[in-house]
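Below is one structure, written out as structure tokens; comments come after it.
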Amino acid sequence: MSAHDDDHAHGAELSETQLRVRALETILTEKGYVDPAALDRIVEAYETRIGPHIGARVVARAWVDAGFKRQLMENAAEAIIAAGLADRVGDHLIAVENTERTHNMVVCTLCSCYPWDVLGLPPTWYKAAPYRSRAVIDPRGVLADFGVTLPDDTEIRVWDSTAETRFIVVPMQPSGTDGWSEAQLATLVTRDCMVGTGLPTPDAKAQR
Ligand code: FE
């Protein structure tokens, strides 16, 4: 595409990061290290096929299948692949479970590390400085901004993602959902539930 195909793609208007990414891709392509068509397919997969519905199925399976849950807590990547719930889980993924006593919340204080393979593209707020700094200093305040209020005696554990280690929160199954099918339960599990900034409720879908 030439710069004139798109009003917003003029070279001078690209950000520093976009310019650097473009330069890297050009060099890697010229040297034959990457295939631009393959890169396009990867980007497309994350934009269209890979998203929080994958993580939601993982959580719902854990709620209905104690054996799977045990495996998930032991080695999340292995359990998810073995159950056929994702095509790939490339990062060292750790599942952390919410209980009455402990609520888990995930942040990347350094940049924006995120479990892409199970949650898809990260939301903008996850990558923003206010969330990254406040999640550690004032987790209760951040949760309040998300409309989540926990009992005072619930401990909040904040997990700092890194390039090597990513986290997925397994929320508590909401009361009143006993006997629901795995597919029904999965509809309650939003992306925010699995980052720890939301809770599954039977009307969670209506909130977003
Ligand atoms: Fe990061």
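Residues in the structure tokens are named by chain (A, B, ... in the order shown) and by number from 1 within that chain; ligands are numbered from 1 in the order shown.
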Set out as a tab-separated table a contact list for chain A and ligand 1 with a cut-off of 7 Å, giving each residue of chain A that qualifies its closest atom pair and distance in Å to one decimal, counting only C-alpha atoms and all ligand atoms, ordered by chain and rising residue number.
```
residue	atom	partner	partner_atom_place_in_ligand_line	distance
A:Cys108	CA	ligand 1	1 (Fe)	4.9
A:Thr109	CA	ligand 1	1 (Fe)	6.9
A:Leu110	CA	ligand 1	1 (Fe)	5.3
A:Cys111	CA	ligand 1	1 (Fe)	3.6
A:Ser112	CA	ligand 1	1 (Fe)	3.6
A:Cys113	CA	ligand 1	1 (Fe)	3.2
A:Tyr114	CA	ligand 1	1 (Fe)	7.0
A:Ser161	CA	ligand 1	1 (Fe)	6.3
A:Thr162	CA	ligand 1	1 (Fe)	5.3
A:Ala163	CA	ligand 1	1 (Fe)	6.0
```
Selection above as a file: all heavy atoms, as a tab-separated table (two decimals), in the first residue's frame:
```tsv
chain	number	residue	atom	x	y	z
A	108	CYS	N	1.21	-5.94	34.44
A	108	CYS	CA	2.63	-5.97	34.05
A	108	CYS	C	3.15	-4.59	34.36
A	108	CYS	O	2.84	-3.63	33.66
A	108	CYS	CB	2.83	-6.30	32.58
A	108	CYS	SG	4.57	-6.20	32.13
A	109	THR	N	3.90	-4.47	35.45
A	109	THR	CA	4.34	-3.13	35.88
A	109	THR	C	5.38	-2.58	34.92
A	109	THR	O	5.52	-1.37	34.77
A	109	THR	CB	4.95	-3.18	37.29
A	109	THR	OG1	5.97	-4.17	37.31
A	109	THR	CG2	3.89	-3.51	38.32
A	110	LEU	N	6.11	-3.47	34.25
A	110	LEU	CA	7.22	-3.03	33.40
A	110	LEU	C	6.74	-2.60	32.02
A	110	LEU	O	7.20	-1.60	31.49
A	110	LEU	CB	8.20	-4.20	33.27
A	110	LEU	CG	9.62	-3.87	32.82
A	110	LEU	CD1	10.28	-2.98	33.85
A	110	LEU	CD2	10.40	-5.16	32.64
A	111	CYS	N	5.81	-3.35	31.44
A	111	CYS	CA	5.36	-3.00	30.09
A	111	CYS	C	3.92	-3.46	29.92
A	111	CYS	O	3.02	-2.84	30.45
A	111	CYS	CB	6.28	-3.58	29.04
A	111	CYS	SG	6.82	-5.27	29.34
A	112	SER	N	3.69	-4.55	29.21
A	112	SER	CA	2.30	-4.95	28.98
A	112	SER	C	2.19	-6.45	28.74
A	112	SER	O	1.36	-6.89	27.96
A	112	SER	CB	1.73	-4.19	27.78
A	112	SER	OG	2.57	-4.41	26.65
A	113	CYS	N	3.03	-7.26	29.40
A	113	CYS	CA	2.99	-8.70	29.21
A	113	CYS	C	1.60	-9.22	29.57
A	113	CYS	O	1.03	-8.84	30.60
A	113	CYS	CB	4.05	-9.38	30.08
A	113	CYS	SG	5.72	-8.85	29.63
A	114	TYR	N	1.10	-10.11	28.76
A	114	TYR	CA	-0.32	-10.48	28.82
A	114	TYR	C	-0.46	-11.87	28.20
A	114	TYR	O	0.27	-12.21	27.28
A	114	TYR	CB	-1.09	-9.45	27.98
A	114	TYR	CG	-2.59	-9.45	28.08
A	114	TYR	CD1	-3.24	-8.95	29.21
A	114	TYR	CD2	-3.37	-9.91	27.02
A	114	TYR	CE1	-4.63	-8.92	29.28
A	114	TYR	CE2	-4.76	-9.87	27.09
A	114	TYR	CZ	-5.38	-9.37	28.21
A	114	TYR	OH	-6.76	-9.32	28.28
A	161	SER	N	3.21	-9.77	35.75
A	161	SER	CA	3.58	-10.56	34.56
A	161	SER	C	4.97	-10.15	34.07
A	161	SER	O	5.38	-9.00	34.22
A	161	SER	CB	2.61	-10.30	33.41
A	161	SER	OG	1.32	-10.65	33.78
A	162	THR	N	5.62	-11.10	33.46
A	162	THR	CA	6.90	-10.78	32.80
A	162	THR	C	6.91	-11.45	31.44
A	162	THR	O	5.97	-12.15	31.08
A	162	THR	CB	8.09	-11.35	33.60
A	162	THR	OG1	8.03	-12.78	33.53
A	162	THR	CG2	8.07	-10.90	35.04
A	163	ALA	N	7.99	-11.23	30.71
A	163	ALA	CA	8.11	-11.86	29.41
A	163	ALA	C	8.08	-13.38	29.54
A	163	ALA	O	7.62	-14.08	28.65
A	163	ALA	CB	9.41	-11.42	28.73
```
**Request:** Mind listing the strand (DSSP E or B) residues of chain A, per DSSP on the backbone, as an NGL selection string?
**Result:** :A and (92-97 or 102-107 or 155-160 or 165-170)
**Message:** So the first atom is CA of Glu182 (chain A) and the second is CA of Arg61 (chain A); what is the distance between them in Å, to one decimal place?
**Reply:**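 Between these atoms lies a distance of 6.1 Å.
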**Prompt:** Expressed in Å to a single decimal, how great is the separation between CA of Ala76 (chain A) and CA of Asp145 (chain A)?
**Reply:**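 Value for the CA of Ala76 (chain A)-CA of Asp145 (chain A) distance: 29.3 Å.
Ranking A:Gly176, A:Pro139, A:Gly147, A:Gly67 by their shortest atom-to-atom distance to Val106 (chain A), with only C-alpha atoms included, puts A:Pro139 first.
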**Prompt:** Which residue out of A:Ile156, A:Leu93, A:Ala56, A:Ala45 has the minimum interatomic distance to Gly196 (chain A) when only C-alpha atoms are used?
**Reply:**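 Checking each of A:Ile156, A:Leu93, A:Ala56, A:Ala45 against Gly196 (chain A), counting only C-alpha atoms, the winner is A:Ile156.
Among the candidates A:Met105, A:Glu100, A:Gly84, A:Arg166, the residue lying nearest to Asp138 (chain A) is A:Met105 (atoms considered: only C-alpha atoms).
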**Message:** What does the structure give for the distance between CA of Leu72 (chain A) and CA of Val169 (chain A), in Å to one decimal?
**Reply:** 11.2 Å
**Message:** Based on the backbone DSSP call, show me all residues of chain A assigned helix (DSSP H, G or I), as a ChimeraX atom specification.
**Reply:** /A:3-5,11-13,16-30,36-49,52-64,66-74,76-82,116-119,124-127,129-137,139-145,182-186,191-195,204-207
Using C-alpha atoms, can you export the residues from the last selection as a tab-separated table (two decimals), in the first residue's frame?
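Generated file (result-v9.tsv):
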```
chain	number	residue	atom	x	y	z
A	3	ALA	CA	1.27	6.22	1.62
A	4	HIS	CA	-1.42	7.86	-0.47
A	5	ASP	CA	-3.85	5.00	-0.08
A	11	GLY	CA	5.37	8.13	6.80
A	12	ALA	CA	5.93	11.28	8.80
A	13	GLU	CA	2.85	10.55	10.91
A	16	GLU	CA	8.54	6.08	16.64
A	17	THR	CA	7.45	2.54	17.52
A	18	GLN	CA	5.63	2.02	14.22
A	19	LEU	CA	8.69	3.22	12.31
A	20	ARG	CA	10.94	0.86	14.22
A	21	VAL	CA	8.58	-2.09	13.72
A	22	ARG	CA	8.38	-1.31	10.01
A	23	ALA	CA	12.17	-1.09	9.74
A	24	LEU	CA	12.63	-4.39	11.60
A	25	GLU	CA	10.05	-6.18	9.46
A	26	THR	CA	11.68	-4.86	6.28
A	27	ILE	CA	15.15	-6.06	7.30
A	28	LEU	CA	13.93	-9.47	8.49
A	29	THR	CA	11.95	-9.92	5.27
A	30	GLU	CA	14.86	-8.86	3.05
A	36	PRO	CA	5.34	-11.19	5.50
A	37	ALA	CA	2.32	-13.35	4.62
A	38	ALA	CA	2.96	-15.50	7.69
A	39	LEU	CA	3.19	-12.37	9.86
A	40	ASP	CA	-0.14	-11.19	8.44
A	41	ARG	CA	-1.72	-14.53	9.32
A	42	ILE	CA	-0.45	-14.30	12.91
A	43	VAL	CA	-1.79	-10.76	13.31
A	44	GLU	CA	-5.11	-11.81	11.81
A	45	ALA	CA	-5.37	-14.76	14.19
A	46	TYR	CA	-4.96	-12.50	17.22
A	47	GLU	CA	-7.45	-10.01	15.77
A	48	THR	CA	-10.15	-12.51	14.87
A	49	ARG	CA	-9.79	-16.05	16.22
A	52	PRO	CA	-11.03	-14.13	25.80
A	53	HIS	CA	-13.56	-16.76	24.71
A	54	ILE	CA	-10.64	-19.22	24.91
A	55	GLY	CA	-9.85	-18.31	28.51
A	56	ALA	CA	-13.56	-18.35	29.34
A	57	ARG	CA	-13.79	-21.96	28.19
A	58	VAL	CA	-10.74	-22.82	30.30
A	59	VAL	CA	-12.35	-21.32	33.42
A	60	ALA	CA	-15.73	-22.95	32.75
A	61	ARG	CA	-14.03	-26.32	32.26
A	62	ALA	CA	-12.22	-25.87	35.57
A	63	TRP	CA	-15.54	-25.18	37.29
A	64	VAL	CA	-17.21	-28.33	36.03
A	66	ALA	CA	-12.19	-31.08	39.11
A	67	GLY	CA	-9.58	-33.23	37.37
A	68	PHE	CA	-8.98	-30.60	34.72
A	69	LYS	CA	-8.81	-27.90	37.37
A	70	ARG	CA	-6.12	-29.80	39.25
A	71	GLN	CA	-4.06	-30.10	36.06
A	72	LEU	CA	-4.68	-26.44	35.23
A	73	MET	CA	-3.35	-25.30	38.60
A	74	GLU	CA	-0.31	-27.57	38.24
A	76	ALA	CA	-1.79	-24.41	32.89
A	77	ALA	CA	-0.17	-24.51	29.46
A	78	GLU	CA	0.00	-28.30	29.41
A	79	ALA	CA	-3.56	-28.73	30.70
A	80	ILE	CA	-5.03	-26.30	28.18
A	81	ILE	CA	-3.25	-27.90	25.23
A	82	ALA	CA	-4.08	-31.44	26.40
A	116	TRP	CA	-2.32	-13.45	24.49
A	117	ASP	CA	-2.90	-17.11	23.68
A	118	VAL	CA	-5.85	-17.38	26.06
A	119	LEU	CA	-7.10	-13.77	26.26
A	124	THR	CA	-5.78	-0.37	26.33
A	125	TRP	CA	-6.13	0.22	30.07
A	126	TYR	CA	-3.94	-2.81	30.81
A	127	LYS	CA	-1.08	-1.17	28.93
A	129	ALA	CA	0.62	3.76	33.08
A	130	PRO	CA	-2.18	4.50	35.61
A	131	TYR	CA	-3.26	0.85	35.81
A	132	ARG	CA	0.31	-0.43	35.85
A	133	SER	CA	1.34	1.76	38.76
A	134	ARG	CA	-1.89	1.85	40.78
A	135	ALA	CA	-2.57	-1.89	40.58
A	136	VAL	CA	0.36	-2.39	42.92
A	137	ILE	CA	0.00	0.70	45.15
A	139	PRO	CA	-5.35	-2.50	44.18
A	140	ARG	CA	-8.58	-1.89	46.10
A	141	GLY	CA	-8.93	1.54	44.53
A	142	VAL	CA	-8.37	0.11	41.05
A	143	LEU	CA	-10.95	-2.60	41.69
A	144	ALA	CA	-13.41	0.06	42.84
A	145	ASP	CA	-12.88	1.88	39.52
A	182	GLU	CA	-19.85	-25.58	30.59
A	183	ALA	CA	-20.98	-23.50	27.60
A	184	GLN	CA	-23.46	-21.53	29.71
A	185	LEU	CA	-20.86	-20.92	32.41
A	186	ALA	CA	-18.32	-19.72	29.82
A	191	ARG	CA	-11.83	-10.89	29.97
A	192	ASP	CA	-11.71	-8.70	33.09
A	193	CYS	CA	-12.60	-11.69	35.29
A	194	MET	CA	-9.46	-13.42	34.07
A	195	VAL	CA	-7.26	-10.36	34.65
A	204	ALA	CA	-21.92	-10.10	33.64
A	205	LYS	CA	-22.66	-10.10	29.92
A	206	ALA	CA	-25.02	-7.18	30.35
A	207	GLN	CA	-22.25	-5.07	31.93
```
